[in-house]
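The next block is structure27.txt, given as compact mmCIF, C-alpha atoms.
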```
# COMPACT_ATOMS: atom_id res chain seq x y z
CA MET A 378 1.11 -2.31 10.63
CA PRO A 379 2.84 -2.00 7.24
CA ALA A 380 6.15 -3.82 6.87
CA THR A 381 7.69 -0.71 5.30
CA PRO A 382 6.79 2.90 6.12
CA TYR A 383 5.11 4.81 3.32
CA VAL A 384 7.80 7.50 3.70
CA SER A 385 11.45 6.67 4.32
CA ALA A 386 13.50 8.33 7.03
CA ALA A 387 15.62 10.05 4.36
CA ALA A 388 12.56 11.47 2.62
CA PHE A 389 11.16 12.69 5.94
CA ARG A 390 14.43 14.41 6.82
CA ALA A 391 14.32 16.22 3.48
CA HIS A 392 10.84 17.59 4.21
CA PRO A 393 10.88 21.13 5.71
CA THR A 394 9.63 20.24 9.20
CA TYR A 395 12.21 22.49 10.89
CA LEU A 396 12.62 19.94 13.69
CA ASP A 397 15.81 18.69 15.30
CA LEU A 398 15.96 15.07 14.15
CA ASP A 399 19.42 14.32 15.53
CA SER A 400 18.40 13.96 19.18
CA LEU A 401 15.59 11.41 18.97
CA ARG A 402 17.79 9.19 21.15
CA PRO A 403 19.86 11.62 23.24
CA GLU A 404 21.91 8.80 24.77
CA ASN A 405 22.99 7.50 21.35
CA PRO A 406 24.23 10.05 18.80
CA ASP A 407 24.81 7.39 16.13
CA PRO A 408 22.93 8.52 12.95
CA ALA A 409 21.79 4.94 12.36
CA ALA A 410 20.17 4.88 15.81
CA GLN A 411 18.41 8.17 15.09
CA ASP A 412 17.11 6.83 11.77
CA ALA A 413 15.91 3.64 13.46
CA VAL A 414 13.74 5.68 15.85
CA LEU A 415 12.49 7.85 12.99
CA THR A 416 11.64 4.79 10.88
CA THR A 417 9.61 3.34 13.76
CA LEU A 418 7.77 6.64 14.09
CA LEU A 419 7.03 6.66 10.34
CA LEU A 420 5.74 3.10 10.57
CA GLN A 421 3.35 4.26 13.29
CA ALA A 422 2.26 7.18 11.12
CA SER A 423 1.71 4.85 8.16
CA ALA A 424 -0.38 2.52 10.33
CA TRP A 425 -2.37 5.53 11.53
CA ALA A 426 -3.11 6.45 7.91
CA ASP A 427 -4.32 2.89 7.28
CA ASN A 428 -6.62 3.09 10.29
CA GLU A 429 -7.99 6.45 9.19
CA CYS A 430 -8.86 4.97 5.80
CA ASP A 431 -10.15 1.68 7.26
CA GLN A 432 -7.96 -0.28 4.86
CA PRO A 433 -4.26 -0.82 4.13
CA LEU A 434 -3.08 1.86 1.70
CA GLY A 435 0.03 -0.05 0.65
CA ALA A 436 -0.14 -2.85 -1.91
CA HIS A 437 -1.13 -6.12 -0.27
CA LEU A 438 -2.73 -9.49 -0.94
CA ASN A 439 -6.28 -9.84 0.35
CA THR A 440 -8.66 -12.82 0.39
CA GLN A 441 -12.35 -11.97 0.59
CA LEU A 442 -15.19 -14.37 1.43
CA THR A 443 -18.63 -13.20 0.40
CA ARG A 444 -21.98 -14.16 -1.10
CA ALA A 445 -23.33 -12.96 -4.44
CA ARG A 446 -26.00 -13.69 -7.03
CA THR A 447 -25.45 -14.62 -10.65
CA ASP A 448 -27.34 -12.48 -13.17
CA ARG A 449 -29.00 -13.64 -16.41
CA SER A 450 -25.79 -13.11 -18.35
CA GLY A 451 -23.82 -15.44 -16.12
CA MET A 452 -22.03 -12.61 -14.35
CA ILE A 453 -21.14 -12.32 -10.68
CA ARG A 454 -20.53 -8.80 -9.38
CA ILE A 455 -18.56 -8.36 -6.15
CA HIS A 456 -17.55 -5.18 -4.34
CA ALA A 457 -13.96 -5.41 -3.07
CA GLU A 458 -13.34 -4.79 0.62
CA HIS A 459 -10.05 -3.05 -0.17
CA GLY A 460 -9.05 -0.93 -3.11
CA PRO A 461 -7.91 -0.03 -5.60
CA VAL A 462 -7.73 -3.57 -7.01
CA SER A 463 -4.83 -4.07 -9.42
CA THR A 464 -4.82 -7.85 -9.96
CA VAL A 465 -7.18 -10.73 -9.23
CA THR A 466 -5.13 -13.85 -8.53
CA ALA A 467 -7.82 -16.41 -7.62
CA PHE A 468 -11.58 -16.81 -7.79
CA GLY A 469 -13.81 -19.62 -6.57
CA TYR A 470 -17.58 -20.02 -6.31
CA GLY A 471 -20.03 -22.70 -5.25
CA TRP A 472 -23.43 -23.53 -3.85
CA SER A 473 -22.05 -23.91 -0.29
CA PRO A 474 -18.89 -22.92 1.61
CA THR A 475 -17.69 -26.52 1.42
CA SER A 476 -18.29 -26.87 -2.34
CA ILE A 477 -16.16 -24.22 -3.98
CA THR A 478 -15.00 -24.48 -7.59
CA SER A 479 -11.77 -22.62 -8.31
CA LEU A 480 -11.25 -21.19 -11.78
CA SER A 481 -7.89 -22.02 -13.29
CA SER A 482 -7.41 -18.56 -14.84
CA PRO A 483 -9.86 -16.02 -13.43
CA GLN A 484 -10.63 -13.02 -15.60
CA ALA A 485 -12.12 -10.03 -13.84
CA TRP A 486 -13.37 -6.70 -15.08
CA VAL A 487 -12.52 -4.15 -12.38
CA GLU A 488 -14.59 -0.98 -12.29
CA ASP A 489 -13.47 2.12 -10.35
CA GLY A 490 -10.84 0.03 -8.61
CA THR A 491 -13.33 -1.73 -6.33
CA ASN A 492 -16.14 -3.41 -8.32
CA MET A 493 -15.13 -6.79 -9.73
CA VAL A 494 -17.20 -8.51 -12.43
CA PHE A 495 -16.63 -12.18 -13.21
CA GLY A 496 -18.09 -13.86 -16.27
CA LEU A 497 -18.92 -17.51 -15.65
CA GLY A 498 -20.05 -18.26 -19.18
CA ALA A 499 -16.51 -18.86 -20.39
CA ALA A 500 -15.10 -19.91 -17.06
CA SER A 501 -12.56 -22.72 -17.16
CA GLY A 502 -13.89 -25.03 -14.51
CA ALA A 503 -17.10 -26.97 -13.86
CA TRP A 504 -19.74 -25.76 -11.41
CA THR A 505 -19.69 -27.67 -8.12
CA GLY A 506 -23.10 -28.69 -6.81
CA SER A 507 -26.66 -29.23 -7.96
CA LEU A 508 -27.07 -25.74 -9.45
CA GLN A 509 -25.01 -26.45 -12.57
CA LEU A 510 -26.59 -25.10 -15.78
CA GLY A 511 -25.20 -24.34 -19.20
CA PHE A 512 -23.26 -21.23 -18.19
CA GLY A 513 -22.17 -22.26 -14.67
CA ALA A 514 -24.86 -21.23 -12.15
CA ALA A 515 -28.58 -20.46 -12.17
CA PRO A 516 -29.54 -16.77 -12.46
CA GLY A 517 -30.55 -15.16 -9.19
CA VAL A 518 -29.31 -18.02 -7.03
CA GLU A 519 -27.11 -17.03 -4.13
CA THR A 520 -23.59 -18.38 -4.45
CA PHE A 521 -20.60 -18.38 -2.11
CA ALA A 522 -17.48 -16.75 -3.49
CA ARG A 523 -13.82 -16.59 -2.48
CA ILE A 524 -11.63 -13.99 -4.20
CA THR A 525 -7.95 -13.27 -3.73
CA TYR A 526 -6.62 -10.04 -5.18
CA VAL A 527 -3.92 -7.40 -4.87
CA ALA A 528 -5.18 -4.03 -3.63
CA GLY A 529 -3.55 -0.79 -2.58
CA ARG A 530 -0.64 1.15 -3.98
CA VAL A 531 3.01 0.17 -4.29
CA ALA A 532 5.08 1.27 -1.28
CA THR A 533 8.45 -0.45 -1.10
CA GLN A 534 12.14 0.44 -1.08
CA LEU A 535 15.23 -0.18 -3.17
CA MET A 536 17.17 -3.21 -1.98
CA ALA A 537 20.38 -2.50 -3.90
CA PRO A 538 22.15 0.54 -5.35
CA VAL A 539 21.08 1.63 -8.83
CA THR A 540 23.49 3.23 -11.28
CA ALA A 541 22.55 5.82 -13.87
CA GLY A 542 21.60 4.08 -17.11
CA ALA A 543 20.35 0.93 -15.37
CA THR A 544 17.47 -0.93 -17.04
CA SER A 545 16.53 -2.90 -13.93
CA LEU A 546 16.43 -2.43 -10.18
CA THR A 547 15.73 -4.55 -7.10
CA VAL A 548 12.92 -3.80 -4.68
CA ALA A 549 12.06 -5.31 -1.32
CA ASP A 550 8.48 -6.14 -2.30
CA ALA A 551 7.08 -6.36 -5.84
CA THR A 552 3.45 -6.64 -4.68
CA GLY A 553 1.27 -4.39 -6.81
CA ILE A 554 3.92 -3.55 -9.40
CA VAL A 555 2.47 -4.10 -12.87
CA PRO A 556 4.08 -4.14 -16.34
CA GLY A 557 3.87 -0.70 -17.89
CA GLY A 558 3.22 0.97 -14.52
CA GLN A 559 4.94 4.20 -13.53
CA TYR A 560 6.54 4.57 -10.09
CA ARG A 561 8.53 7.22 -8.29
CA ILE A 562 11.96 6.86 -6.71
CA TRP A 563 11.86 9.33 -3.80
CA GLU A 564 15.56 9.92 -3.15
CA PRO A 565 15.97 13.50 -1.90
CA GLY A 566 17.63 15.59 -4.62
CA PHE A 567 17.61 12.71 -7.10
CA GLU A 568 13.92 11.89 -7.53
CA GLU A 569 12.75 10.42 -10.80
CA THR A 570 9.82 8.51 -12.24
CA VAL A 571 10.49 5.17 -13.91
CA THR A 572 8.29 2.98 -16.10
CA VAL A 573 8.25 -0.80 -15.69
CA SER A 574 8.82 -2.75 -18.88
CA SER A 575 5.73 -4.25 -20.50
CA LEU A 576 7.78 -7.44 -20.94
CA TRP A 577 8.44 -7.84 -17.21
CA GLN A 578 6.67 -10.79 -15.61
CA PRO A 579 5.62 -10.01 -12.02
CA PRO A 580 6.05 -12.82 -9.48
CA THR A 581 3.06 -14.57 -8.00
CA PRO A 582 1.79 -12.31 -5.18
CA SER A 583 2.48 -13.68 -1.73
CA SER A 584 1.79 -12.70 1.86
CA ILE A 585 5.53 -13.20 2.43
CA PRO A 586 7.11 -11.13 -0.36
CA ALA A 587 10.76 -11.38 -1.35
CA ALA A 588 13.26 -9.07 -3.01
CA THR A 589 12.55 -8.92 -6.74
CA THR A 590 14.35 -7.53 -9.77
CA VAL A 591 12.12 -5.29 -11.89
CA LEU A 592 12.86 -4.56 -15.55
CA LEU A 593 12.45 -0.96 -16.71
CA ASP A 594 11.18 0.42 -19.99
CA THR A 595 13.85 3.14 -20.09
CA ALA A 596 17.15 3.55 -18.28
CA THR A 597 17.43 5.44 -15.00
CA LEU A 598 18.71 9.00 -15.21
CA VAL A 599 20.82 9.14 -12.04
CA ASP A 600 22.40 6.92 -9.39
CA HIS A 601 20.25 5.80 -6.43
CA GLU A 602 21.26 4.38 -3.07
CA THR A 603 19.74 1.47 -1.17
CA GLY A 604 16.75 2.14 1.09
CA HIS A 605 14.99 4.91 -0.79
CA ASP A 606 11.28 4.72 -1.58
CA PHE A 607 10.08 3.05 -4.77
CA SER A 608 6.46 4.06 -4.66
CA GLY A 609 3.15 4.36 -6.43
CA MET A 610 1.68 6.08 -3.39
CA PRO A 611 0.09 9.46 -4.24
CA ALA A 612 2.15 12.43 -3.10
CA ASP A 613 -0.67 13.75 -0.92
CA VAL A 614 -0.88 10.47 1.02
CA ARG A 615 2.84 10.70 1.66
CA LEU A 616 2.29 14.27 2.87
CA ALA A 617 -0.42 13.05 5.27
CA VAL A 618 2.06 10.56 6.76
CA VAL A 619 4.71 13.28 7.07
CA ASN A 620 2.21 15.62 8.73
CA TYR A 621 1.15 13.07 11.32
CA ALA A 622 4.73 12.03 12.09
CA THR A 623 5.66 15.71 12.48
CA ALA A 624 2.75 16.21 14.87
CA LEU A 625 3.99 13.32 17.00
CA LEU A 626 7.42 14.92 17.16
CA MET A 627 5.91 18.27 18.16
CA ARG A 628 4.49 17.03 21.42
CA PRO A 629 4.49 19.79 24.07
CA ASP A 630 7.25 19.91 26.63
CA THR A 631 4.95 19.43 29.63
CA ALA A 632 2.75 16.44 30.38
CA ALA A 633 -0.15 18.71 31.31
CA GLU A 634 -0.28 20.10 27.77
CA ASP A 635 0.56 16.87 26.01
CA GLU A 636 -1.99 16.10 23.29
CA PHE A 637 -0.10 12.91 22.37
CA PRO A 638 0.54 11.34 25.78
CA ALA A 639 1.27 7.91 24.36
CA THR A 640 4.39 9.00 22.48
CA ALA A 641 7.85 8.52 23.92
CA MET A 642 9.71 11.16 21.93
CA ALA A 643 12.15 13.39 23.81
CA SER A 644 11.10 17.01 24.26
CA THR A 645 14.51 18.08 22.93
CA THR A 646 13.22 17.16 19.49
CA ARG A 647 11.47 20.52 19.35
CA GLY A 648 14.26 22.57 20.86
CA LYS A 649 13.05 26.18 21.00
CA ASP A 650 10.29 25.67 18.44
CA SER A 651 7.60 28.29 19.01
CA ARG A 652 4.80 26.10 17.66
CA ARG A 653 2.70 24.77 20.52
CA THR A 654 1.22 21.56 19.11
CA GLY A 655 0.82 19.67 15.87
CA VAL A 656 -2.96 19.31 16.03
CA GLY A 657 -3.37 21.42 12.90
CA LEU A 658 -1.12 19.00 11.01
CA VAL A 659 -3.24 16.06 12.20
CA ASP A 660 -6.38 17.80 10.95
CA GLU A 661 -4.73 18.43 7.58
CA ALA A 662 -3.63 14.79 7.37
CA ARG A 663 -7.20 13.65 8.06
CA ARG A 664 -8.52 16.00 5.37
CA ILE A 665 -6.10 14.55 2.82
CA LEU A 666 -6.99 10.95 3.66
CA CYS A 667 -10.75 11.50 3.35
CA SER A 668 -10.68 10.73 -0.38
CA TYR A 669 -8.79 7.46 0.23
CA GLN A 670 -11.14 5.97 2.79
CA ARG A 671 -12.65 2.56 2.27
CA VAL A 672 -15.90 2.54 0.33
CA ARG A 673 -18.29 -0.09 1.66
```
For this file, produce the structure as structure tokens.
Amino acid sequence: MPATPYVSAAAFRAHPTYLDLDSLRPENPDPAAQDAVLTTLLLQASAWADNECDQPLGAHLNTQLTRARTDRSGMIRIHAEHGPVSTVTAFGYGWSPTSITSLSSPQAWVEDGTNMVFGLGAASGAWTGSLQLGFGAAPGVETFARITYVAGRVATQLMAPVTAGATSLTVADATGIVPGGQYRIWEPGFEETVTVSSLWQPPTPSSIPAATTVLLDTATLVDHETGHDFSGMPADVRLAVVNYATALLMRPDTAAEDEFPATAMASTTRGKDSRRTGVGLVDEARRILCSYQRVR
């Protein structure tokens, strides 16, 4: 499950679902308690989107173990398990799983976000094993490879308030953010797109990310509050998450008609809503996610 939902509770509330979102916990009218339930629901919807696509959609660090063959030009071509690939952080190859040579500064050519090409001719690091030739490995010989890369799209939140005219902001997770990249702040009524400075140095990607200050190319236009989405996620993927979460909230009032029996949402969420179920929204969410599914 993603650590952060792909759509914040505030952004979901701003979407025209026409649902009563103030009685998700009837015994606790505190708005914070209502948002906590809604955030959990959005996390479930985000995880559902990941499962539909057979890969995490949010930016994440992935290590892939595979086998490949070196061509006559000293190139190794590897298809990434997850995509799109934004950064390759480590690459190692060898004649056996126990004899892996790690390159000190791997350079990869990434095609269509999923096909990685490594040139061993100028690789900084000696070949490990008996297959060593002038360029690193014999053409056509099967080699073992270990690649670590960042895949997916940025989906994090602001960790501190941002004032209009700010040239930096703090996010919960900088994974996937690249210098020069454009990202959207999804604060209802105050949305804007910002560009990361080309001079900003991203931190080393980690499986345990930390809050990070990101430098911007131009100043922000308006104030922003903590907790709003800072995202590179396509708008249609966000809509798919909203649609599925809405469908969960639209569960029928009787168990006999319940098409989502595993949910624990109160029937009062729907009030007098005339819509019977949210199955149509689930179908639309699946249609949207078709183009983001993992390519094997």
Within 6 Å of segment 442-455 of chain A, which residues of segment 464-572 of chain A come that close, and what is the closest atom pair and distance in Å for each? Count all atoms listed in the file and give it as a Markdown table.
```
| residue | atom | partner | partner_atom | distance |
| --- | --- | --- | --- | --- |
| A:Asn492 | CA | A:Ile455 | CA | 5.9 |
| A:Met493 | CA | A:Ile455 | CA | 5.2 |
| A:Val494 | CA | A:Arg454 | CA | 4.5 |
| A:Phe495 | CA | A:Ile453 | CA | 5.2 |
| A:Gly496 | CA | A:Met452 | CA | 4.6 |
| A:Leu497 | CA | A:Gly451 | CA | 5.3 |
| A:Gly498 | CA | A:Gly451 | CA | 5.6 |
| A:Pro516 | CA | A:Asp448 | CA | 4.9 |
| A:Gly517 | CA | A:Arg446 | CA | 5.2 |
| A:Val518 | CA | A:Arg446 | CA | 5.5 |
| A:Glu519 | CA | A:Arg446 | CA | 4.6 |
| A:Thr520 | CA | A:Ala445 | CA | 5.4 |
| A:Phe521 | CA | A:Arg444 | CA | 4.6 |
| A:Ala522 | CA | A:Thr443 | CA | 5.4 |
| A:Arg523 | CA | A:Leu442 | CA | 4.7 |
```
Shell around segment 584-590 of chain A at 12 Å using only C-alpha atoms, local window under 3 positions removed, as number ranges by chain: A: 380-381, 436-440, 525-527, 533-537, 539, 543-554, 573-574, 577-581, 593
In Å, rounded to a single decimal, give me how far atom CA of Ala662 of chain A is from atom CA of Asp613 of chain A.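 We find that atom CA of Asp613 of chain A and atom CA of Ala662 of chain A lie 8.9 Å from each other.
Put simply, atom CA of Gly609 of chain A is 27.7 Å away from atom CA of Val656 of chain A.
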One-decimal distance in Å that lies between atom CA of Gly558 of chain A and atom CA of Pro382 of chain A: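 Pair atom CA of Pro382 of chain A / atom CA of Gly558 of chain A returns 21.0 Å.
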Give me, as an MDAnalysis selection string, all polymer residues having an atom no more than 8 Å from Gly435 of chain A, counting only C-alpha atoms and skipping those fewer than 6 positions away in the same chain. chainID A and resid 379 383 528:532 610
Under the rule that only C-alpha atoms are counted, which of A:Thr603, A:Thr491, A:Ser583, A:Asn405 is the nearest residue to His456 of chain A?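 Checking each candidate against His456 of chain A, we get A:Thr491 as the closest.
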Restricting the calculation to all atoms listed in the file, which member of A:Ser608, A:Gln432, A:Asn620, A:Ser476 is positioned closest to Leu419 of chain A?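 The closest residue to Leu419 of chain A is A:Asn620.
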Hey, can I get the axis-aligned box for segment 602-619 of chain A? All listed atoms, 4 Å padding on each side, centre and edge lengths in Å to one decimal, as JSON.
```
{"center_x": 10.2, "center_y": 7.9, "center_z": 0.3, "size_x": 30.1, "size_y": 20.8, "size_z": 21.5}
```
